[in-house]
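Visitor: Following this line is data02.txt, made up of compact mmCIF, N, CA and C atoms:
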# COMPACT_ATOMS: atom_id res chain seq x y z
N MET A 180 14.93 -6.78 -6.73
CA MET A 180 16.33 -7.08 -6.55
C MET A 180 16.93 -7.62 -7.83
N GLY A 181 16.15 -8.37 -8.60
CA GLY A 181 16.67 -8.93 -9.83
C GLY A 181 17.11 -7.86 -10.80
N ILE A 182 16.33 -6.81 -10.89
CA ILE A 182 16.67 -5.71 -11.78
C ILE A 182 17.95 -5.04 -11.30
N LEU A 183 18.04 -4.80 -9.99
CA LEU A 183 19.24 -4.21 -9.41
C LEU A 183 20.45 -5.06 -9.72
N PHE A 184 20.32 -6.37 -9.55
CA PHE A 184 21.43 -7.29 -9.80
C PHE A 184 21.88 -7.20 -11.25
N SER A 185 20.93 -7.22 -12.18
CA SER A 185 21.31 -7.23 -13.59
C SER A 185 21.93 -5.90 -14.03
N ILE A 186 21.55 -4.81 -13.41
CA ILE A 186 22.11 -3.52 -13.77
C ILE A 186 23.51 -3.35 -13.18
N LEU A 187 23.68 -3.71 -11.91
CA LEU A 187 24.94 -3.46 -11.22
C LEU A 187 26.02 -4.47 -11.54
N PHE A 188 25.63 -5.69 -11.88
CA PHE A 188 26.62 -6.74 -12.05
C PHE A 188 26.58 -7.28 -13.47
N ARG A 189 27.53 -6.84 -14.24
CA ARG A 189 27.67 -7.33 -15.61
C ARG A 189 29.06 -7.93 -15.74
N PRO A 190 29.22 -8.91 -16.61
CA PRO A 190 30.55 -9.51 -16.76
C PRO A 190 31.61 -8.47 -17.12
N CYS A 191 32.73 -8.57 -16.48
CA CYS A 191 33.87 -7.69 -16.76
C CYS A 191 34.37 -7.99 -18.17
N GLN A 192 34.53 -6.96 -18.98
CA GLN A 192 34.94 -7.15 -20.37
C GLN A 192 36.41 -7.50 -20.50
N ARG A 193 37.21 -7.24 -19.45
CA ARG A 193 38.64 -7.47 -19.51
C ARG A 193 39.03 -8.92 -19.20
N CYS A 194 38.12 -9.71 -18.69
CA CYS A 194 38.47 -11.09 -18.38
C CYS A 194 37.38 -12.04 -18.86
N ARG A 195 37.76 -13.27 -19.12
CA ARG A 195 36.81 -14.22 -19.69
C ARG A 195 35.84 -14.79 -18.66
N ARG A 196 36.30 -14.97 -17.43
CA ARG A 196 35.39 -15.52 -16.43
C ARG A 196 34.42 -14.43 -15.96
N HIS A 197 33.34 -14.85 -15.33
CA HIS A 197 32.35 -13.89 -14.84
C HIS A 197 32.90 -13.21 -13.59
N HIS A 198 33.38 -12.03 -13.76
CA HIS A 198 33.93 -11.24 -12.67
C HIS A 198 33.15 -9.93 -12.67
N TYR A 199 32.49 -9.64 -11.56
CA TYR A 199 31.60 -8.49 -11.52
C TYR A 199 32.23 -7.35 -10.72
N GLN A 200 32.09 -6.15 -11.22
CA GLN A 200 32.71 -4.99 -10.59
C GLN A 200 31.68 -3.91 -10.31
N LEU A 201 31.31 -3.80 -9.06
CA LEU A 201 30.39 -2.74 -8.66
C LEU A 201 31.05 -1.37 -8.82
N SER A 202 32.37 -1.32 -8.71
CA SER A 202 33.08 -0.05 -8.80
C SER A 202 32.89 0.63 -10.16
N THR A 203 32.42 -0.11 -11.14
CA THR A 203 32.10 0.47 -12.44
C THR A 203 30.91 1.42 -12.32
N TYR A 204 30.06 1.18 -11.32
CA TYR A 204 28.81 1.92 -11.20
C TYR A 204 28.77 2.86 -10.01
N LEU A 205 29.53 2.56 -8.96
CA LEU A 205 29.55 3.41 -7.77
C LEU A 205 31.00 3.76 -7.42
N THR A 206 31.22 5.02 -7.11
CA THR A 206 32.55 5.43 -6.67
C THR A 206 32.72 5.06 -5.19
N PRO A 207 33.96 5.00 -4.70
CA PRO A 207 34.15 4.74 -3.27
C PRO A 207 33.42 5.77 -2.40
N GLY A 208 33.37 7.01 -2.85
CA GLY A 208 32.66 8.06 -2.10
C GLY A 208 31.16 7.79 -2.04
N GLN A 209 30.59 7.34 -3.15
CA GLN A 209 29.17 7.02 -3.16
C GLN A 209 28.87 5.83 -2.25
N ILE A 210 29.74 4.83 -2.29
CA ILE A 210 29.56 3.67 -1.41
C ILE A 210 29.62 4.11 0.05
N GLN A 211 30.57 4.97 0.38
CA GLN A 211 30.69 5.46 1.75
C GLN A 211 29.44 6.24 2.15
N LEU A 212 28.92 7.07 1.27
CA LEU A 212 27.71 7.84 1.56
C LEU A 212 26.53 6.92 1.81
N ILE A 213 26.36 5.90 0.97
CA ILE A 213 25.27 4.94 1.15
C ILE A 213 25.42 4.22 2.49
N GLN A 214 26.64 3.78 2.80
CA GLN A 214 26.86 3.04 4.04
C GLN A 214 26.69 3.94 5.27
N CYS A 215 27.10 5.18 5.20
CA CYS A 215 26.90 6.11 6.32
C CYS A 215 25.42 6.39 6.53
N THR A 216 24.70 6.58 5.44
CA THR A 216 23.26 6.81 5.54
C THR A 216 22.58 5.59 6.15
N TRP A 217 22.99 4.40 5.70
CA TRP A 217 22.40 3.17 6.24
C TRP A 217 22.70 3.02 7.73
N SER A 218 23.89 3.45 8.16
CA SER A 218 24.24 3.32 9.58
C SER A 218 23.28 4.12 10.46
N ILE A 219 22.70 5.17 9.92
CA ILE A 219 21.69 5.95 10.65
C ILE A 219 20.33 5.25 10.55
N LEU A 220 19.96 4.85 9.35
CA LEU A 220 18.65 4.22 9.14
C LEU A 220 18.49 2.92 9.90
N LYS A 221 19.56 2.15 10.03
CA LYS A 221 19.46 0.82 10.64
C LYS A 221 19.26 0.87 12.15
N LEU A 222 19.33 2.06 12.74
CA LEU A 222 19.13 2.17 14.18
C LEU A 222 17.71 1.81 14.59
N ASP A 223 16.77 1.88 13.66
CA ASP A 223 15.39 1.51 13.97
C ASP A 223 14.78 0.78 12.78
N LEU A 224 15.20 -0.48 12.61
CA LEU A 224 14.73 -1.28 11.47
C LEU A 224 13.23 -1.54 11.53
N VAL A 225 12.68 -1.65 12.73
CA VAL A 225 11.24 -1.91 12.86
C VAL A 225 10.45 -0.76 12.25
N THR A 226 10.74 0.45 12.68
CA THR A 226 10.01 1.61 12.15
C THR A 226 10.27 1.80 10.67
N LEU A 227 11.52 1.67 10.25
CA LEU A 227 11.86 1.82 8.84
C LEU A 227 11.11 0.79 7.99
N GLY A 228 11.19 -0.47 8.38
CA GLY A 228 10.54 -1.53 7.61
C GLY A 228 9.03 -1.37 7.55
N LEU A 229 8.41 -1.09 8.71
CA LEU A 229 6.96 -0.90 8.73
C LEU A 229 6.55 0.30 7.88
N THR A 230 7.31 1.37 7.96
CA THR A 230 7.01 2.57 7.16
C THR A 230 7.05 2.25 5.67
N VAL A 231 8.08 1.53 5.25
CA VAL A 231 8.22 1.18 3.83
C VAL A 231 7.05 0.31 3.38
N PHE A 232 6.76 -0.76 4.13
CA PHE A 232 5.69 -1.67 3.71
C PHE A 232 4.31 -1.03 3.79
N LEU A 233 4.05 -0.28 4.85
CA LEU A 233 2.74 0.37 4.94
C LEU A 233 2.56 1.38 3.82
N HIS A 234 3.64 2.05 3.44
CA HIS A 234 3.56 2.98 2.30
C HIS A 234 3.26 2.20 1.02
N PHE A 235 3.94 1.06 0.81
CA PHE A 235 3.64 0.22 -0.35
C PHE A 235 2.17 -0.15 -0.37
N PHE A 236 1.66 -0.60 0.77
CA PHE A 236 0.28 -1.08 0.83
C PHE A 236 -0.73 0.06 0.66
N GLU A 237 -0.37 1.27 1.09
CA GLU A 237 -1.26 2.41 0.90
C GLU A 237 -1.28 2.86 -0.55
N THR A 238 -0.11 2.88 -1.18
CA THR A 238 -0.05 3.37 -2.56
C THR A 238 -0.39 2.29 -3.58
N GLU A 239 -0.19 1.04 -3.22
CA GLU A 239 -0.47 -0.10 -4.11
C GLU A 239 -1.22 -1.18 -3.33
N PRO A 240 -2.51 -0.99 -3.06
CA PRO A 240 -3.26 -1.94 -2.24
C PRO A 240 -3.24 -3.37 -2.78
N ASP A 241 -3.10 -3.54 -4.08
CA ASP A 241 -3.07 -4.89 -4.64
C ASP A 241 -1.84 -5.68 -4.19
N LEU A 242 -0.81 -4.99 -3.73
CA LEU A 242 0.38 -5.69 -3.23
C LEU A 242 0.05 -6.58 -2.04
N LYS A 243 -0.99 -6.24 -1.30
CA LYS A 243 -1.36 -7.05 -0.13
C LYS A 243 -1.66 -8.49 -0.52
N MET A 244 -2.16 -8.68 -1.73
CA MET A 244 -2.50 -10.04 -2.18
C MET A 244 -1.26 -10.92 -2.30
N LEU A 245 -0.08 -10.33 -2.40
CA LEU A 245 1.16 -11.10 -2.48
C LEU A 245 1.63 -11.57 -1.11
N PHE A 246 0.93 -11.18 -0.06
CA PHE A 246 1.29 -11.54 1.30
C PHE A 246 0.12 -12.21 2.01
N PRO A 247 -0.29 -13.39 1.54
CA PRO A 247 -1.49 -14.02 2.07
C PRO A 247 -1.42 -14.35 3.56
N LYS A 248 -0.25 -14.56 4.10
CA LYS A 248 -0.14 -14.87 5.53
C LYS A 248 -0.39 -13.64 6.39
N MET A 249 -0.36 -12.48 5.80
CA MET A 249 -0.55 -11.24 6.56
C MET A 249 -1.95 -10.66 6.40
N ILE A 250 -2.74 -11.25 5.51
CA ILE A 250 -4.10 -10.75 5.28
C ILE A 250 -5.05 -11.49 6.21
N ARG A 251 -5.88 -10.77 6.90
CA ARG A 251 -6.81 -11.36 7.85
C ARG A 251 -8.14 -11.69 7.18
N MET A 252 -8.75 -12.76 7.65
CA MET A 252 -10.08 -13.15 7.18
C MET A 252 -11.10 -12.74 8.25
N ASN A 253 -12.27 -12.29 7.81
CA ASN A 253 -13.31 -11.94 8.78
C ASN A 253 -14.22 -13.14 9.05
N GLU A 254 -15.25 -12.94 9.87
CA GLU A 254 -16.15 -14.04 10.24
C GLU A 254 -16.87 -14.64 9.04
N SER A 255 -17.08 -13.87 8.00
CA SER A 255 -17.76 -14.34 6.79
C SER A 255 -16.79 -14.99 5.82
N ASN A 256 -15.56 -15.21 6.27
CA ASN A 256 -14.52 -15.82 5.45
C ASN A 256 -14.18 -14.97 4.22
N GLN A 257 -14.32 -13.66 4.37
CA GLN A 257 -13.95 -12.75 3.29
C GLN A 257 -12.65 -12.05 3.66
N LEU A 258 -11.91 -11.69 2.64
CA LEU A 258 -10.64 -11.01 2.89
C LEU A 258 -10.88 -9.64 3.50
N GLU A 259 -10.08 -9.34 4.50
CA GLU A 259 -10.03 -7.99 5.03
C GLU A 259 -8.68 -7.43 4.61
N TRP A 260 -8.66 -6.17 4.31
CA TRP A 260 -7.40 -5.59 3.85
C TRP A 260 -6.55 -5.07 5.00
N ASP A 261 -6.94 -5.42 6.23
CA ASP A 261 -6.09 -5.06 7.36
C ASP A 261 -4.90 -6.00 7.39
N VAL A 262 -3.80 -5.49 7.80
CA VAL A 262 -2.56 -6.26 7.81
C VAL A 262 -2.27 -6.73 9.23
N ASP A 263 -1.83 -7.97 9.35
CA ASP A 263 -1.36 -8.49 10.63
C ASP A 263 -0.03 -7.80 10.93
N ARG A 264 -0.06 -6.83 11.81
CA ARG A 264 1.12 -5.99 12.05
C ARG A 264 2.30 -6.78 12.60
N ASP A 265 2.03 -7.79 13.42
CA ASP A 265 3.14 -8.58 13.97
C ASP A 265 3.89 -9.31 12.86
N MET A 266 3.14 -9.96 11.97
CA MET A 266 3.79 -10.67 10.86
C MET A 266 4.47 -9.68 9.92
N LEU A 267 3.80 -8.57 9.67
CA LEU A 267 4.38 -7.55 8.80
C LEU A 267 5.67 -7.02 9.41
N GLN A 268 5.66 -6.78 10.70
CA GLN A 268 6.86 -6.27 11.37
C GLN A 268 8.02 -7.25 11.24
N LYS A 269 7.75 -8.53 11.44
CA LYS A 269 8.80 -9.54 11.31
C LYS A 269 9.35 -9.57 9.89
N HIS A 270 8.44 -9.55 8.92
CA HIS A 270 8.88 -9.59 7.52
C HIS A 270 9.63 -8.31 7.16
N ALA A 271 9.12 -7.18 7.61
CA ALA A 271 9.75 -5.90 7.29
C ALA A 271 11.17 -5.85 7.84
N VAL A 272 11.37 -6.33 9.06
CA VAL A 272 12.71 -6.33 9.64
C VAL A 272 13.62 -7.28 8.86
N THR A 273 13.09 -8.43 8.46
CA THR A 273 13.88 -9.38 7.66
C THR A 273 14.32 -8.74 6.35
N VAL A 274 13.41 -8.04 5.70
CA VAL A 274 13.73 -7.36 4.43
C VAL A 274 14.78 -6.27 4.67
N MET A 275 14.61 -5.50 5.72
CA MET A 275 15.57 -4.43 6.02
C MET A 275 16.94 -5.02 6.37
N GLU A 276 16.97 -6.15 7.07
CA GLU A 276 18.25 -6.80 7.36
C GLU A 276 18.93 -7.28 6.08
N GLY A 277 18.13 -7.78 5.14
CA GLY A 277 18.68 -8.18 3.84
C GLY A 277 19.24 -7.00 3.09
N LEU A 278 18.50 -5.90 3.12
CA LEU A 278 18.98 -4.67 2.49
C LEU A 278 20.27 -4.21 3.17
N GLY A 279 20.30 -4.29 4.49
CA GLY A 279 21.49 -3.91 5.23
C GLY A 279 22.70 -4.76 4.86
N ALA A 280 22.48 -6.06 4.71
CA ALA A 280 23.58 -6.95 4.31
C ALA A 280 24.13 -6.53 2.95
N ALA A 281 23.23 -6.16 2.04
CA ALA A 281 23.67 -5.71 0.72
C ALA A 281 24.45 -4.40 0.84
N VAL A 282 23.93 -3.46 1.59
CA VAL A 282 24.60 -2.16 1.75
C VAL A 282 25.97 -2.33 2.40
N GLU A 283 26.04 -3.19 3.40
CA GLU A 283 27.30 -3.36 4.13
C GLU A 283 28.36 -4.11 3.31
N THR A 284 27.97 -4.74 2.21
CA THR A 284 28.94 -5.45 1.38
C THR A 284 29.20 -4.74 0.05
N LEU A 285 28.78 -3.50 -0.07
CA LEU A 285 28.99 -2.76 -1.31
C LEU A 285 30.47 -2.61 -1.68
N HIS A 286 31.34 -2.67 -0.71
CA HIS A 286 32.78 -2.53 -0.97
C HIS A 286 33.38 -3.78 -1.61
N ASP A 287 32.64 -4.89 -1.59
CA ASP A 287 33.16 -6.17 -2.09
C ASP A 287 32.14 -6.79 -3.04
N SER A 288 32.36 -6.62 -4.33
CA SER A 288 31.39 -7.10 -5.33
C SER A 288 31.11 -8.59 -5.21
N HIS A 289 32.14 -9.38 -4.91
CA HIS A 289 31.94 -10.83 -4.80
C HIS A 289 31.07 -11.17 -3.61
N LEU A 290 31.30 -10.52 -2.49
CA LEU A 290 30.50 -10.77 -1.29
C LEU A 290 29.07 -10.29 -1.51
N LEU A 291 28.91 -9.13 -2.11
CA LEU A 291 27.58 -8.61 -2.42
C LEU A 291 26.84 -9.57 -3.35
N ASN A 292 27.54 -10.09 -4.33
CA ASN A 292 26.97 -11.07 -5.24
C ASN A 292 26.43 -12.26 -4.45
N SER A 293 27.19 -12.74 -3.49
CA SER A 293 26.76 -13.88 -2.66
C SER A 293 25.51 -13.53 -1.85
N VAL A 294 25.47 -12.32 -1.30
CA VAL A 294 24.30 -11.87 -0.53
C VAL A 294 23.06 -11.85 -1.42
N LEU A 295 23.19 -11.29 -2.62
CA LEU A 295 22.05 -11.19 -3.53
C LEU A 295 21.60 -12.56 -4.04
N ILE A 296 22.54 -13.45 -4.27
CA ILE A 296 22.17 -14.81 -4.69
C ILE A 296 21.41 -15.51 -3.57
N ALA A 297 21.89 -15.38 -2.34
CA ALA A 297 21.20 -16.00 -1.20
C ALA A 297 19.79 -15.44 -1.06
N LEU A 298 19.64 -14.14 -1.27
CA LEU A 298 18.33 -13.51 -1.21
C LEU A 298 17.42 -14.07 -2.30
N GLY A 299 17.95 -14.21 -3.50
CA GLY A 299 17.17 -14.79 -4.60
C GLY A 299 16.77 -16.22 -4.32
N GLN A 300 17.66 -17.00 -3.73
CA GLN A 300 17.35 -18.39 -3.41
C GLN A 300 16.25 -18.48 -2.36
N THR A 301 16.26 -17.57 -1.40
CA THR A 301 15.20 -17.54 -0.39
C THR A 301 13.86 -17.26 -1.05
N HIS A 302 13.82 -16.32 -1.97
CA HIS A 302 12.57 -16.01 -2.67
C HIS A 302 12.14 -17.19 -3.55
N GLU A 303 13.08 -17.86 -4.16
CA GLU A 303 12.74 -19.01 -5.00
C GLU A 303 12.12 -20.12 -4.17
N LYS A 304 12.66 -20.38 -2.98
CA LYS A 304 12.11 -21.41 -2.10
C LYS A 304 10.67 -21.09 -1.70
N ARG A 305 10.35 -19.82 -1.63
CA ARG A 305 9.00 -19.40 -1.25
C ARG A 305 8.09 -19.24 -2.48
N ASN A 306 8.61 -19.67 -3.63
CA ASN A 306 7.85 -19.64 -4.89
C ASN A 306 7.48 -18.21 -5.31
N ILE A 307 8.35 -17.27 -5.01
CA ILE A 307 8.15 -15.89 -5.45
C ILE A 307 8.62 -15.79 -6.89
N LYS A 308 7.74 -15.32 -7.74
CA LYS A 308 8.05 -15.20 -9.17
C LYS A 308 8.59 -13.80 -9.47
N PRO A 309 9.45 -13.67 -10.49
CA PRO A 309 10.03 -12.36 -10.82
C PRO A 309 8.98 -11.26 -11.03
N TYR A 310 7.85 -11.59 -11.66
CA TYR A 310 6.85 -10.56 -11.91
C TYR A 310 6.27 -10.01 -10.61
N MET A 311 6.35 -10.77 -9.53
CA MET A 311 5.83 -10.31 -8.24
C MET A 311 6.71 -9.24 -7.61
N LEU A 312 7.94 -9.12 -8.07
CA LEU A 312 8.89 -8.18 -7.49
C LEU A 312 9.01 -6.89 -8.27
N LYS A 313 8.29 -6.76 -9.36
CA LYS A 313 8.40 -5.55 -10.18
C LYS A 313 7.41 -4.51 -9.75
What would you get if you wrote out this structure as structure tokens?
Guide:
Amino acid sequence: MGILFSILFRPCQRCRRHHYQLSTYLTPGQIQLIQCTWSILKLDLVTLGLTVFLHFFETEPDLKMLFPKMIRMNESNQLEWDVDRDMLQKHAVTVMEGLGAAVETLHDSHLLNSVLIALGQTHEKRNIKPYMLK
């Protein structure tokens, strides 16, 4: 998200205060297309979120180490790479809801900025470091 934020939101050159304009990067038609697509995808956030995370974990197994609450321990106290699906489902839906909030505020750069800042603050509280998100 940090990379997305830095690419999409740059200070407006026409004014001295920090005023960010998403319209510099997306046309109204593109925003509408993204929002219409999201309106279909959001009908099943559970399946969408689980699909995204399970794909991440299949293609990048080391990502599982970033989610210690979802990794199960076996009787020998060794890590198992099986994922706690209930916890993953809750997290996946939370992530998809955050993505949805961003998509639904694409028409308002200031509101989107607030959504992304709140998302960053949530990650900061959980001690998520920028390198973990790349």
Visitor: Just list as a PDB file with N, CA and C atoms, in the coordinates of the input whatever in region 233-300 of chain A DSSP marks as strand (DSSP E or B).
Guide:
ATOM      1  N   ILE A 250      -2.740 -11.250   5.510  1.00  0.00           N
ATOM      2  CA  ILE A 250      -4.100 -10.750   5.280  1.00  0.00           C
ATOM      3  C   ILE A 250      -5.050 -11.490   6.210  1.00  0.00           C
ATOM      4  N   ARG A 251      -5.880 -10.770   6.900  1.00  0.00           N
ATOM      5  CA  ARG A 251      -6.810 -11.360   7.850  1.00  0.00           C
ATOM      6  C   ARG A 251      -8.140 -11.690   7.180  1.00  0.00           C
ATOM      7  N   MET A 252      -8.750 -12.760   7.650  1.00  0.00           N
ATOM      8  CA  MET A 252     -10.080 -13.150   7.180  1.00  0.00           C
ATOM      9  C   MET A 252     -11.100 -12.740   8.250  1.00  0.00           C
ATOM     10  N   LEU A 258     -11.910 -11.690   2.640  1.00  0.00           N
ATOM     11  CA  LEU A 258     -10.640 -11.010   2.890  1.00  0.00           C
ATOM     12  C   LEU A 258     -10.880  -9.640   3.500  1.00  0.00           C
ATOM     13  N   GLU A 259     -10.080  -9.340   4.500  1.00  0.00           N
ATOM     14  CA  GLU A 259     -10.030  -7.990   5.030  1.00  0.00           C
ATOM     15  C   GLU A 259      -8.680  -7.430   4.610  1.00  0.00           C
ATOM     16  N   TRP A 260      -8.660  -6.170   4.310  1.00  0.00           N
ATOM     17  CA  TRP A 260      -7.400  -5.590   3.850  1.00  0.00           C
ATOM     18  C   TRP A 260      -6.550  -5.070   5.000  1.00  0.00           C
ATOM     19  N   ASP A 261      -6.940  -5.420   6.230  1.00  0.00           N
ATOM     20  CA  ASP A 261      -6.090  -5.060   7.360  1.00  0.00           C
ATOM     21  C   ASP A 261      -4.900  -6.000   7.390  1.00  0.00           C
ATOM     22  N   VAL A 262      -3.800  -5.490   7.800  1.00  0.00           N
ATOM     23  CA  VAL A 262      -2.560  -6.260   7.810  1.00  0.00           C
ATOM     24  C   VAL A 262      -2.270  -6.730   9.230  1.00  0.00           C
TER      25      VAL A 262
END
Visitor: Out of A:Lys304, A:Ile219, A:Gln211, A:Leu295, which residue has the shortest atom-to-atom distance to Ala280 (chain A) when counting all atoms listed in the file?
Guide: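 Using all atoms listed in the file, the shortest distance to Ala280 (chain A) belongs to A:Leu295.
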Visitor: Kindly indicate which residue among A:Ala281, A:Leu290, A:Ala297, A:Ile307 lies nearest to Gln214 (chain A), using only C-alpha atoms for the distances.
Guide: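 Using only C-alpha atoms, the shortest distance to Gln214 (chain A) belongs to A:Ala281.
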Visitor: So, with only N, CA and C atoms as the atoms that count, which of A:Leu201, A:Met266, A:Leu298, A:Ile213 lies closest to Val282 (chain A)?
Guide: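 Looking at the shortest contact to Val282 (chain A), the residue is A:Ile213.
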Visitor: Which polymer residues have any atom within 10 Å of an atom of region 226-229 of chain A, counting only C-alpha atoms, with same-chain residues fewer than 5 positions away left out, as a PDB file with N, CA and C atoms, keeping the file's coordinate frame?
Guide:
ATOM      1  N   LEU A 220      19.960   4.850   9.350  1.00  0.00           N
ATOM      2  CA  LEU A 220      18.650   4.220   9.140  1.00  0.00           C
ATOM      3  C   LEU A 220      18.490   2.920   9.900  1.00  0.00           C
ATOM      4  N   LYS A 221      19.560   2.150  10.030  1.00  0.00           N
ATOM      5  CA  LYS A 221      19.460   0.820  10.640  1.00  0.00           C
ATOM      6  C   LYS A 221      19.260   0.870  12.150  1.00  0.00           C
ATOM      7  N   HIS A 234       3.640   2.050   3.440  1.00  0.00           N
ATOM      8  CA  HIS A 234       3.560   2.980   2.300  1.00  0.00           C
ATOM      9  C   HIS A 234       3.260   2.200   1.020  1.00  0.00           C
ATOM     10  N   PHE A 235       3.940   1.060   0.810  1.00  0.00           N
ATOM     11  CA  PHE A 235       3.640   0.220  -0.350  1.00  0.00           C
ATOM     12  C   PHE A 235       2.170  -0.150  -0.370  1.00  0.00           C
ATOM     13  N   ARG A 264      -0.060  -6.830  11.810  1.00  0.00           N
ATOM     14  CA  ARG A 264       1.120  -5.990  12.050  1.00  0.00           C
ATOM     15  C   ARG A 264       2.300  -6.780  12.600  1.00  0.00           C
ATOM     16  N   LEU A 267       3.800  -8.570   9.670  1.00  0.00           N
ATOM     17  CA  LEU A 267       4.380  -7.550   8.800  1.00  0.00           C
ATOM     18  C   LEU A 267       5.670  -7.020   9.410  1.00  0.00           C
ATOM     19  N   GLN A 268       5.660  -6.780  10.700  1.00  0.00           N
ATOM     20  CA  GLN A 268       6.860  -6.270  11.370  1.00  0.00           C
ATOM     21  C   GLN A 268       8.020  -7.250  11.240  1.00  0.00           C
ATOM     22  N   LYS A 269       7.750  -8.530  11.440  1.00  0.00           N
ATOM     23  CA  LYS A 269       8.800  -9.540  11.310  1.00  0.00           C
ATOM     24  C   LYS A 269       9.350  -9.570   9.890  1.00  0.00           C
ATOM     25  N   HIS A 270       8.440  -9.550   8.920  1.00  0.00           N
ATOM     26  CA  HIS A 270       8.880  -9.590   7.520  1.00  0.00           C
ATOM     27  C   HIS A 270       9.630  -8.310   7.160  1.00  0.00           C
ATOM     28  N   ALA A 271       9.120  -7.180   7.610  1.00  0.00           N
ATOM     29  CA  ALA A 271       9.750  -5.900   7.290  1.00  0.00           C
ATOM     30  C   ALA A 271      11.170  -5.850   7.840  1.00  0.00           C
ATOM     31  N   VAL A 272      11.370  -6.330   9.060  1.00  0.00           N
ATOM     32  CA  VAL A 272      12.710  -6.330   9.640  1.00  0.00           C
ATOM     33  C   VAL A 272      13.620  -7.280   8.860  1.00  0.00           C
ATOM     34  N   THR A 273      13.090  -8.430   8.460  1.00  0.00           N
ATOM     35  CA  THR A 273      13.880  -9.380   7.660  1.00  0.00           C
ATOM     36  C   THR A 273      14.320  -8.740   6.350  1.00  0.00           C
ATOM     37  N   VAL A 274      13.410  -8.040   5.700  1.00  0.00           N
ATOM     38  CA  VAL A 274      13.730  -7.360   4.430  1.00  0.00           C
ATOM     39  C   VAL A 274      14.780  -6.270   4.670  1.00  0.00           C
ATOM     40  N   MET A 275      14.610  -5.500   5.720  1.00  0.00           N
ATOM     41  CA  MET A 275      15.570  -4.430   6.020  1.00  0.00           C
ATOM     42  C   MET A 275      16.940  -5.020   6.370  1.00  0.00           C
ATOM     43  N   GLU A 276      16.970  -6.150   7.070  1.00  0.00           N
ATOM     44  CA  GLU A 276      18.250  -6.800   7.360  1.00  0.00           C
ATOM     45  C   GLU A 276      18.930  -7.280   6.080  1.00  0.00           C
TER      46      GLU A 276
END
Visitor: Run DSSP on the backbone and grab whatever in region 236-305 of chain A lands in alpha helix (DSSP H); send it over as a VMD selection string.
Guide: chain A and resid 236 to 238 264 to 283 288 to 304
Visitor: Between A:Leu212, A:Met249, A:Ile296, A:Leu205, which has the minimum distance to Phe232 (chain A) (counting only C-alpha atoms)?
Guide: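 For Phe232 (chain A), the nearest of the given residues is A:Met249.
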Visitor: Quick one, how far is atom N of Leu291 (chain A) from atom C of Gly279 (chain A)?
Guide: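 The value is 10.3 Å.
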